[in-house]
Structures are given as C-alpha cells and as structure tokens.
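> Quick one, upload-v4.txt (compact mmCIF, C-alpha atoms and all ligand atoms):
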```txt
# COMPACT_ATOMS: atom_id res chain seq x y z
CA MET M 11 -20.24 -0.32 -5.55
CA ALA M 12 -17.59 0.55 -8.13
CA ARG M 13 -14.15 0.92 -6.60
CA LYS M 14 -11.58 3.03 -8.46
CA ALA M 15 -8.40 1.02 -8.68
CA LEU M 16 -5.17 2.34 -7.17
CA ILE M 17 -1.85 1.31 -8.67
CA ALA M 18 0.96 2.23 -6.31
CA ALA M 19 4.75 2.12 -6.46
CA ASN M 20 6.69 1.34 -3.29
CA TRP M 21 10.26 2.29 -4.12
CA LYS M 22 11.56 1.06 -0.76
CA MET M 23 15.16 2.25 -0.14
CA TYR M 24 16.01 2.77 -3.79
CA LYS M 25 16.84 5.80 -5.97
CA THR M 26 18.76 9.02 -5.52
CA PRO M 27 17.01 12.37 -6.11
CA ALA M 28 18.47 12.48 -9.63
CA GLU M 29 17.17 8.97 -10.36
CA ALA M 30 13.77 9.83 -8.92
CA GLN M 31 13.59 12.96 -11.08
CA ALA M 32 14.53 10.94 -14.16
CA PHE M 33 11.78 8.41 -13.35
CA VAL M 34 9.12 11.12 -13.05
CA ASP M 35 10.32 12.88 -16.21
CA ALA M 36 9.97 9.61 -18.13
CA PHE M 37 6.83 8.31 -16.43
CA LEU M 38 4.45 11.30 -16.41
CA PRO M 39 4.22 11.64 -20.21
CA LEU M 40 3.54 7.89 -20.46
CA VAL M 41 0.47 8.13 -18.21
CA ALA M 42 -0.67 11.70 -18.93
CA SER M 43 -3.79 10.57 -20.75
CA HIS M 44 -4.45 7.53 -18.58
CA THR M 45 -7.34 8.43 -16.30
CA ARG M 46 -8.87 5.02 -15.53
CA ASP M 47 -7.15 4.40 -12.21
CA GLU M 48 -5.42 6.33 -9.47
CA ILE M 49 -1.63 6.22 -9.40
CA ALA M 50 0.58 6.84 -6.38
CA LEU M 51 4.33 6.81 -5.74
CA PHE M 52 5.84 6.02 -2.34
CA PRO M 53 9.51 7.13 -2.34
CA SER M 54 11.94 7.44 0.59
CA PRO M 55 11.48 10.62 2.65
CA VAL M 56 14.59 12.33 1.23
CA LEU M 57 13.13 11.97 -2.26
CA LEU M 58 9.80 13.61 -1.43
CA PRO M 59 11.01 17.21 -2.04
CA THR M 60 12.08 16.08 -5.52
CA VAL M 61 9.17 13.84 -6.45
CA ILE M 62 6.26 15.89 -5.10
CA PRO M 63 7.04 19.11 -7.04
CA ALA M 64 7.88 17.01 -10.10
CA CYS M 65 4.41 15.39 -9.98
CA LYS M 66 2.55 18.63 -9.33
CA GLY M 67 -0.18 19.24 -11.88
CA SER M 68 -0.28 15.55 -12.82
CA LYS M 69 -2.73 12.97 -11.50
CA VAL M 70 0.05 11.05 -9.78
CA ALA M 71 -0.18 11.22 -5.98
CA VAL M 72 2.86 10.97 -3.73
CA GLY M 73 3.11 9.62 -0.22
CA ALA M 74 5.46 8.31 2.43
CA GLN M 75 6.46 4.71 3.12
CA ASN M 76 6.10 5.27 6.85
CA ILE M 77 5.04 7.88 9.38
CA HIS M 78 5.37 8.15 13.12
CA PHE M 79 2.21 8.16 15.22
CA ALA M 80 3.35 11.13 17.34
CA GLU M 81 2.68 14.67 16.14
CA GLU M 82 6.31 15.60 16.85
CA GLY M 83 8.94 14.81 19.42
CA ALA M 84 12.27 13.22 20.24
CA TYR M 85 12.05 10.31 17.78
CA THR M 86 15.38 10.27 15.99
CA GLY M 87 15.16 9.09 12.42
CA GLU M 88 11.38 9.31 12.15
CA THR M 89 9.05 11.45 10.01
CA SER M 90 5.90 13.11 11.32
CA VAL M 91 2.64 13.53 9.46
CA GLY M 92 3.03 17.30 9.76
CA GLN M 93 6.41 17.10 8.04
CA LEU M 94 4.99 14.90 5.30
CA LYS M 95 2.05 17.22 4.70
CA ALA M 96 4.28 20.31 4.71
CA VAL M 97 6.17 18.96 1.69
CA GLY M 98 2.89 18.05 -0.03
CA GLY M 99 2.52 14.33 0.69
CA THR M 100 -1.07 13.07 0.62
CA HIS M 101 -0.75 9.30 1.21
CA THR M 102 1.17 6.99 3.48
CA LEU M 103 1.89 3.29 3.72
CA ILE M 104 1.37 1.92 7.22
CA GLY M 105 2.63 -1.37 8.61
CA HIS M 106 4.46 -2.67 5.55
CA SER M 107 5.71 -6.18 6.28
CA GLU M 108 9.31 -4.93 6.12
CA ARG M 109 8.45 -2.46 8.89
CA ARG M 110 6.85 -5.26 10.87
CA GLN M 111 9.73 -7.68 10.22
CA TYR M 112 12.79 -5.43 10.59
CA PHE M 113 11.53 -2.55 12.72
CA ALA M 114 9.28 -4.43 15.13
CA GLU M 115 6.04 -2.74 14.16
CA THR M 116 3.11 -4.40 15.86
CA ASP M 117 -0.60 -4.24 15.16
CA GLU M 118 -0.84 -1.78 18.05
CA ILE M 119 1.69 0.58 16.44
CA VAL M 120 -0.06 0.19 13.08
CA ASN M 121 -3.31 1.16 14.78
CA LYS M 122 -1.80 4.29 16.34
CA LYS M 123 -0.33 5.32 13.00
CA LEU M 124 -3.66 4.78 11.28
CA HIS M 125 -5.39 7.05 13.78
CA THR M 126 -2.76 9.76 13.26
CA ALA M 127 -2.95 9.51 9.47
CA LEU M 128 -6.75 9.78 9.46
CA LYS M 129 -6.74 12.66 11.92
CA HIS M 130 -4.58 14.62 9.48
CA GLY M 131 -6.48 13.66 6.35
CA LEU M 132 -3.86 11.44 4.74
CA VAL M 133 -4.91 8.47 2.63
CA PRO M 134 -3.54 5.48 4.57
CA VAL M 135 -2.58 2.23 2.86
CA VAL M 136 -2.58 -0.33 5.66
CA CYS M 137 -0.43 -3.34 4.78
CA ILE M 138 -1.20 -6.83 6.05
CA GLY M 139 -0.21 -10.35 5.07
CA GLU M 140 0.89 -13.71 6.36
CA VAL M 141 4.38 -15.21 6.37
CA LEU M 142 5.07 -18.55 4.72
CA GLU M 143 4.98 -20.59 7.94
CA GLU M 144 1.57 -19.16 8.76
CA ARG M 145 0.21 -20.03 5.32
CA GLU M 146 1.65 -23.53 5.48
CA ALA M 147 0.16 -24.03 8.93
CA GLY M 148 -3.30 -23.08 7.61
CA LYS M 149 -3.34 -19.89 9.68
CA THR M 150 -3.74 -17.33 6.90
CA GLU M 151 -7.34 -16.41 7.72
CA GLN M 152 -6.60 -16.09 11.42
CA VAL M 153 -3.53 -13.91 10.81
CA LEU M 154 -5.40 -11.59 8.43
CA LYS M 155 -8.30 -11.27 10.87
CA THR M 156 -5.95 -10.42 13.73
CA GLN M 157 -4.11 -7.84 11.63
CA VAL M 158 -7.30 -6.18 10.39
CA THR M 159 -8.88 -6.14 13.84
CA GLY M 160 -5.69 -4.80 15.40
CA ALA M 161 -5.19 -2.10 12.78
CA PHE M 162 -8.82 -0.96 12.97
CA ALA M 163 -9.20 -0.74 16.76
CA GLY M 164 -11.18 2.41 17.58
CA ILE M 165 -11.82 3.15 13.88
CA THR M 166 -15.47 3.89 13.12
CA ALA M 167 -17.35 3.68 9.83
CA GLU M 168 -17.44 7.50 9.74
CA MET M 169 -13.62 7.63 9.83
CA ALA M 170 -12.93 4.79 7.44
CA ALA M 171 -13.91 6.04 3.99
CA SER M 172 -10.37 6.86 2.80
CA ILE M 173 -8.66 3.74 4.16
CA VAL M 174 -6.98 1.44 1.64
CA ILE M 175 -5.74 -2.03 2.57
CA ALA M 176 -2.82 -3.74 0.83
CA TYR M 177 -2.70 -7.51 1.10
CA GLU M 178 0.91 -8.54 0.69
CA PRO M 179 1.67 -12.17 1.46
CA VAL M 180 5.18 -11.88 2.86
CA TRP M 181 6.38 -15.00 1.00
CA ALA M 182 5.53 -13.31 -2.32
CA ILE M 183 7.46 -10.07 -1.70
CA GLY M 184 10.60 -9.75 -3.75
CA THR M 185 10.70 -13.50 -4.32
CA GLY M 186 9.16 -13.68 -7.77
CA LYS M 187 6.54 -16.00 -6.26
CA THR M 188 3.21 -14.30 -6.82
CA ALA M 189 0.09 -15.59 -5.17
CA THR M 190 -2.08 -17.03 -7.91
CA PRO M 191 -5.02 -14.76 -8.75
CA GLU M 192 -7.30 -17.31 -7.04
CA MET M 193 -5.20 -17.38 -3.86
CA ALA M 194 -5.10 -13.60 -3.73
CA GLU M 195 -8.83 -13.33 -4.38
CA GLU M 196 -9.56 -15.78 -1.57
CA ALA M 197 -7.51 -13.67 0.87
CA HIS M 198 -9.09 -10.43 -0.36
CA LYS M 199 -12.56 -11.89 0.21
CA MET M 200 -11.61 -12.87 3.76
CA ILE M 201 -10.27 -9.37 4.42
CA ARG M 202 -13.40 -7.71 3.03
CA ALA M 203 -15.59 -9.98 5.15
CA GLU M 204 -13.62 -9.01 8.25
CA VAL M 205 -13.93 -5.30 7.41
CA ALA M 206 -17.69 -5.83 6.97
CA LYS M 207 -17.89 -7.35 10.44
CA LEU M 208 -16.03 -4.43 11.97
CA LEU M 209 -17.33 -1.48 9.98
CA GLY M 210 -20.42 -2.67 8.13
CA ALA M 211 -21.20 -3.94 4.64
CA GLU M 212 -21.24 -0.56 2.97
CA ILE M 213 -17.76 0.49 4.10
CA ALA M 214 -16.43 -2.97 3.24
CA ALA M 215 -17.93 -2.82 -0.24
CA GLY M 216 -16.29 0.54 -0.90
CA MET M 217 -12.88 -0.21 0.60
CA ARG M 218 -10.06 -0.72 -1.85
CA ILE M 219 -7.93 -3.78 -1.23
CA LEU M 220 -4.68 -3.83 -3.21
CA TYR M 221 -2.55 -6.88 -3.88
CA GLY M 222 1.22 -6.71 -3.48
CA GLY M 223 3.98 -9.27 -3.89
CA SER M 224 5.92 -9.74 -7.14
CA VAL M 225 3.38 -7.90 -9.28
CA LYS M 226 4.84 -7.64 -12.79
CA PRO M 227 3.62 -6.47 -16.21
CA ASP M 228 2.91 -10.09 -17.14
CA ASN M 229 0.81 -11.08 -14.13
CA VAL M 230 -1.04 -7.87 -13.27
CA THR M 231 -3.92 -8.38 -15.72
CA ALA M 232 -4.96 -11.73 -14.24
CA LEU M 233 -4.72 -10.35 -10.71
CA MET M 234 -6.77 -7.26 -11.56
CA ALA M 235 -9.46 -9.43 -13.18
CA GLN M 236 -10.40 -10.74 -9.73
CA GLU M 237 -13.52 -9.24 -8.23
CA ASP M 238 -11.98 -8.19 -4.92
CA ILE M 239 -8.58 -7.01 -6.15
CA ASP M 240 -8.76 -3.25 -6.47
CA GLY M 241 -5.22 -2.35 -7.34
CA ALA M 242 -1.60 -3.23 -6.81
CA LEU M 243 1.26 -2.21 -4.55
CA VAL M 244 4.37 -2.79 -6.59
CA GLY M 245 7.97 -2.98 -5.42
CA GLY M 246 10.69 -4.10 -7.83
CA ALA M 247 8.67 -3.69 -11.03
CA SER M 248 7.80 -0.07 -10.15
CA LEU M 249 11.40 1.15 -10.28
CA LYS M 250 11.53 1.54 -14.05
CA ALA M 251 9.12 3.93 -15.76
CA ASP M 252 8.32 1.63 -18.68
CA SER M 253 7.68 -1.38 -16.45
CA PHE M 254 5.45 0.58 -14.07
CA GLU M 255 3.64 2.11 -17.05
CA LYS M 256 2.78 -1.39 -18.28
CA ILE M 257 1.44 -2.29 -14.86
CA VAL M 258 -0.60 0.90 -14.62
CA LYS M 259 -2.09 0.18 -18.05
CA TYR M 260 -2.80 -3.52 -17.34
P1 LIG Z 301 7.83 -6.68 -4.88
O1 LIG Z 301 6.85 -6.17 -5.93
O2 LIG Z 301 9.24 -6.31 -5.17
O3 LIG Z 301 7.60 -8.12 -4.57
O4 LIG Z 301 7.46 -5.87 -3.53
C1 LIG Z 301 6.16 -5.87 -3.08
C2 LIG Z 301 6.04 -4.89 -1.96
O5 LIG Z 301 6.54 -5.12 -0.88
C3 LIG Z 301 5.32 -3.65 -2.23
O6 LIG Z 301 5.06 -2.96 -1.05
```
As structure tokens, please, write out the structure in this file.
Ligand code: 13P


Amino acid sequence: MARKALIAANWKMYKTPAEAQAFVDAFLPLVASHTRDEIALFPSPVLLPTVIPACKGSKVAVGAQNIHFAEEGAYTGETSVGQLKAVGGTHTLIGHSERRQYFAETDEIVNKKLHTALKHGLVPVVCIGEVLEEREAGKTEQVLKTQVTGAFAGITAEMAASIVIAYEPVWAIGTGKTATPEMAEEAHKMIRAEVAKLLGAEIAAGMRILYGGSVKPDNVTALMAQEDIDGALVGGASLKADSFEKIVKY
C-alpha cells in the first residue's frame, strides 16, 4: 500500500509570532507547487493564531505539540482539543520524548491523549523511542513494543486509520547523532510488526511511521529511501524556511 509521506516541523519552544509569520511568508512560496508529500507545522500554542491563518489556503497543515486528554477543566497551563480545533488546528503531537522526559508523561497518559485526539478527529502523531541506555542494553525492541502497546490500548482497527507514529530515538534528538538509515529502518520494521499484531496487517501497512532525530537536508534523502520510513519529524532544521524546504524536497 502506498503511504503518502508526511514531513513535519516541530518548532518546540522557539519563535515569536513575528518570527513565525516571517517563516510562513518565506516558506509557503517555496513549497507552493510541491504536492508530493504532506507538510505540517507544530508551533507553540501562542503561535497558532498567527500560523494557522497564515497557512490558510495552502497545503501546509498546522497542529499542536501537545494536548490535554480532558475536554476542559482546571488544568492550569494546558490546552484542550476543543481550544486547538477552535483556532483551526488539525494535527497534534502526542507523547514527544521531551514531554515524557520533562513532564512525566507515561504511556497511560499518551493513551488517554490518543483517545481524545481521535474522538475529535485530529490527526495524532504518537511519538515513541528509546533512550541511549536502553539501546546500549539491547532493549530497543522491548521499549518500542511497550510504548506502542501502551499508546494503543483500547484502539481498534476502525479507529486507527489516521494515526501517525514518529520514531524518535531520544539519543538522536538535538545531538546531531542521527540513527543510520539502516538502524532507523530496523526500528521502523519492529514498530510496524507490533502495530500489525495489535491492529492487523492492513492497518499496519497503511500506517505512516516518521523518523525524527537530527534530520537535516544532508541526511534526509538516505533516510527517506528506506522502505518503512514514511516521513520526518524535524526539530532544529525546521526552524529556517530554506532548510526545511530542502528537507521537504528531499
Ligand atoms: P532535532 O531534529 O532537533 O533533533 O529534533 C527532533 C525532534 O525532537 C522532533 O520532534
């Protein structure tokens, strides 16, 4: 089954509204005629009211870096799916390793967020990946299986069509150390096999699995050449329009 690639920018806690506007103004003309893949931007919540209207009418989708699993409530500092949708967001990252590492997100929380995102028709990008000690201890497969199983608890094949997974080995994020294309492909194959066990071969074959972790213009082509790599989730190299353009047009 052909999977349409998704190239996504995770801006993390960078950019002011003016800088975000300048990015979009520069970036949209660069990719206006590029229809091969899907493109998505994930800015901070305060940037969404700038970036979403600026991308309107283009093929560039915009989403949040995080959502809360509750519909609304006394959760200071959090963003609900309803709030995201009201400003026009269509996608959301869930369980990014920085959320897991610094904000104590567990597989159980990731699972609740995934259910909420799907209930409201958002495209969820569920992030998983092992830390260095786990890789060095030969536990990568086990960790990925646990994360996929945990994230997908109670998810049925009927619900799963829009789900995207991002494999981001934590040791490759922001370190300049990319997984080799072969290492990434091996992990992506394991993840797809686990999805097949949980949701069936057809859903697994159609599910997009992105790679993230020091993706740059000069390594994206080799990564994208791998059979099971269906896109990229890009941090640092997505902050400049010309650099992200090069990645998008790998
Ligand atoms: P870098 O591309 O900066 O390594 O970040 C990857 C990432 O965490 C994307 O979500």

> Can you pull out every residue with an atom within 9 Å of ligand LIG 301 (chain Z)? Use all atoms listed in the file and format it as an mmCIF file with C-alpha atoms, in the frame of the given file.


```
data_model
loop_
_atom_site.group_PDB
_atom_site.id
_atom_site.type_symbol
_atom_site.label_atom_id
_atom_site.label_comp_id
_atom_site.auth_asym_id
_atom_site.auth_seq_id
_atom_site.Cartn_x
_atom_site.Cartn_y
_atom_site.Cartn_z
ATOM 1 C CA ALA M 18 0.960 2.230 -6.310
ATOM 2 C CA ALA M 19 4.750 2.120 -6.460
ATOM 3 C CA ASN M 20 6.690 1.340 -3.290
ATOM 4 C CA TRP M 21 10.260 2.290 -4.120
ATOM 5 C CA LYS M 22 11.560 1.060 -0.760
ATOM 6 C CA GLN M 75 6.460 4.710 3.120
ATOM 7 C CA LEU M 103 1.890 3.290 3.720
ATOM 8 C CA HIS M 106 4.460 -2.670 5.550
ATOM 9 C CA SER M 107 5.710 -6.180 6.280
ATOM 10 C CA GLU M 108 9.310 -4.930 6.120
ATOM 11 C CA CYS M 137 -0.430 -3.340 4.780
ATOM 12 C CA ALA M 176 -2.820 -3.740 0.830
ATOM 13 C CA GLU M 178 0.910 -8.540 0.690
ATOM 14 C CA PRO M 179 1.670 -12.170 1.460
ATOM 15 C CA VAL M 180 5.180 -11.880 2.860
ATOM 16 C CA TRP M 181 6.380 -15.000 1.000
ATOM 17 C CA ALA M 182 5.530 -13.310 -2.320
ATOM 18 C CA ILE M 183 7.460 -10.070 -1.700
ATOM 19 C CA GLY M 184 10.600 -9.750 -3.750
ATOM 20 C CA THR M 185 10.700 -13.500 -4.320
ATOM 21 C CA GLY M 186 9.160 -13.680 -7.770
ATOM 22 C CA LYS M 187 6.540 -16.000 -6.260
ATOM 23 C CA THR M 188 3.210 -14.300 -6.820
ATOM 24 C CA TYR M 221 -2.550 -6.880 -3.880
ATOM 25 C CA GLY M 222 1.220 -6.710 -3.480
ATOM 26 C CA GLY M 223 3.980 -9.270 -3.890
ATOM 27 C CA SER M 224 5.920 -9.740 -7.140
ATOM 28 C CA VAL M 225 3.380 -7.900 -9.280
ATOM 29 C CA LYS M 226 4.840 -7.640 -12.790
ATOM 30 C CA ALA M 242 -1.600 -3.230 -6.810
ATOM 31 C CA LEU M 243 1.260 -2.210 -4.550
ATOM 32 C CA VAL M 244 4.370 -2.790 -6.590
ATOM 33 C CA GLY M 245 7.970 -2.980 -5.420
ATOM 34 C CA GLY M 246 10.690 -4.100 -7.830
ATOM 35 C CA ALA M 247 8.670 -3.690 -11.030
ATOM 36 C CA SER M 248 7.800 -0.070 -10.150
#
```

> At what distance in Å, to one decimal, does CA of Phe52 in chain M lie from CA of Ala232 in chain M?

23.9 Å

> Up to 10 Å from (-1.5, -4.9, 20.4) in the file's coordinates: name the residues, counting all atoms listed in the file, as a list in words.

Thr116, Asp117, Glu118, Ile119, Val120, Asn121, Thr156, Gln157, Thr159, Gly160, Ala161 and Ala163 of chain M

> Kindly save the residues from that selection, with C-alpha atoms included, as an mmCIF file, keeping the file's coordinate frame.


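Result file again23.cif:
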```
data_model
loop_
_atom_site.group_PDB
_atom_site.id
_atom_site.type_symbol
_atom_site.label_atom_id
_atom_site.label_comp_id
_atom_site.auth_asym_id
_atom_site.auth_seq_id
_atom_site.Cartn_x
_atom_site.Cartn_y
_atom_site.Cartn_z
ATOM 1 C CA THR M 116 3.110 -4.400 15.860
ATOM 2 C CA ASP M 117 -0.600 -4.240 15.160
ATOM 3 C CA GLU M 118 -0.840 -1.780 18.050
ATOM 4 C CA ILE M 119 1.690 0.580 16.440
ATOM 5 C CA VAL M 120 -0.060 0.190 13.080
ATOM 6 C CA ASN M 121 -3.310 1.160 14.780
ATOM 7 C CA THR M 156 -5.950 -10.420 13.730
ATOM 8 C CA GLN M 157 -4.110 -7.840 11.630
ATOM 9 C CA THR M 159 -8.880 -6.140 13.840
ATOM 10 C CA GLY M 160 -5.690 -4.800 15.400
ATOM 11 C CA ALA M 161 -5.190 -2.100 12.780
ATOM 12 C CA ALA M 163 -9.200 -0.740 16.760
#
```

> Calculate how many Å separate CA of Val230 in chain M from CA of Pro134 in chain M, rounding to one decimal.

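That distance, rounded to one decimal, is 22.4 Å.
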
> Can you tell me which residues surround Glu237 in chain M at a distance of at most 12 Å, considering only C-alpha atoms, apart from same-chain residues fewer than 4 positions away, and format the answer as a ChimeraX atom specification?

/M:11-13,15,191-192,194-199,202,215,218-220,232-233,241

> Can you pull out the residues contacting range 62-73 of chain M? Cut-off 8 Å, using only C-alpha atoms, and skip same-chain residues under 5 positions away; I want them as a list in words.

Gln31, Val34, Asp35, Leu38, Ala42, Glu48, Ile49, Ala50, Leu51, Phe52, Pro53, Leu94, Val97, Gly98, Gly99, Thr100, His101, Thr102 and Leu103 of chain M

> What is the distance between CA of Met200 in chain M and CA of Val141 in chain M, in Å to one decimal?

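That distance, rounded to one decimal, is 16.4 Å.
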
> His125 in chain M: which residues within 9 Å, counting all atoms listed in the file, same-chain residues fewer than 6 positions away excluded, as a PyMOL selection string?

chain M and resi 79+162+164-165

> Under the rule that only C-alpha atoms are counted, which of M:Lys123, M:Val133, M:Ile201, M:Thr190 is the nearest residue to Leu154 in chain M?

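So, comparing all the options, the nearest one is M:Ile201.
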
> Here's a test: counting only C-alpha atoms, identify every protein, DNA and RNA residue with an atom at most 9 Å from (0.7, -14.6, 11.0) in the file's coordinate frame, and state them as a PyMOL selection string.

chain M and resi 139-145+149-154+156-157

> Near Ala36 in chain M, within 10 Å and counting only C-alpha atoms, which residues show up once chain neighbours fewer than 6 positions away are dropped, as JSON, numbers by chain?

{"M": [30, 250, 251, 252, 255]}

> Taking only C-alpha atoms into account, name the residue in M:Lys207, M:Lys95, M:Lys25, M:Lys256 that is nearest to His130 in chain M.

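The shortest atom-to-atom distance to His130 in chain M comes from M:Lys95.
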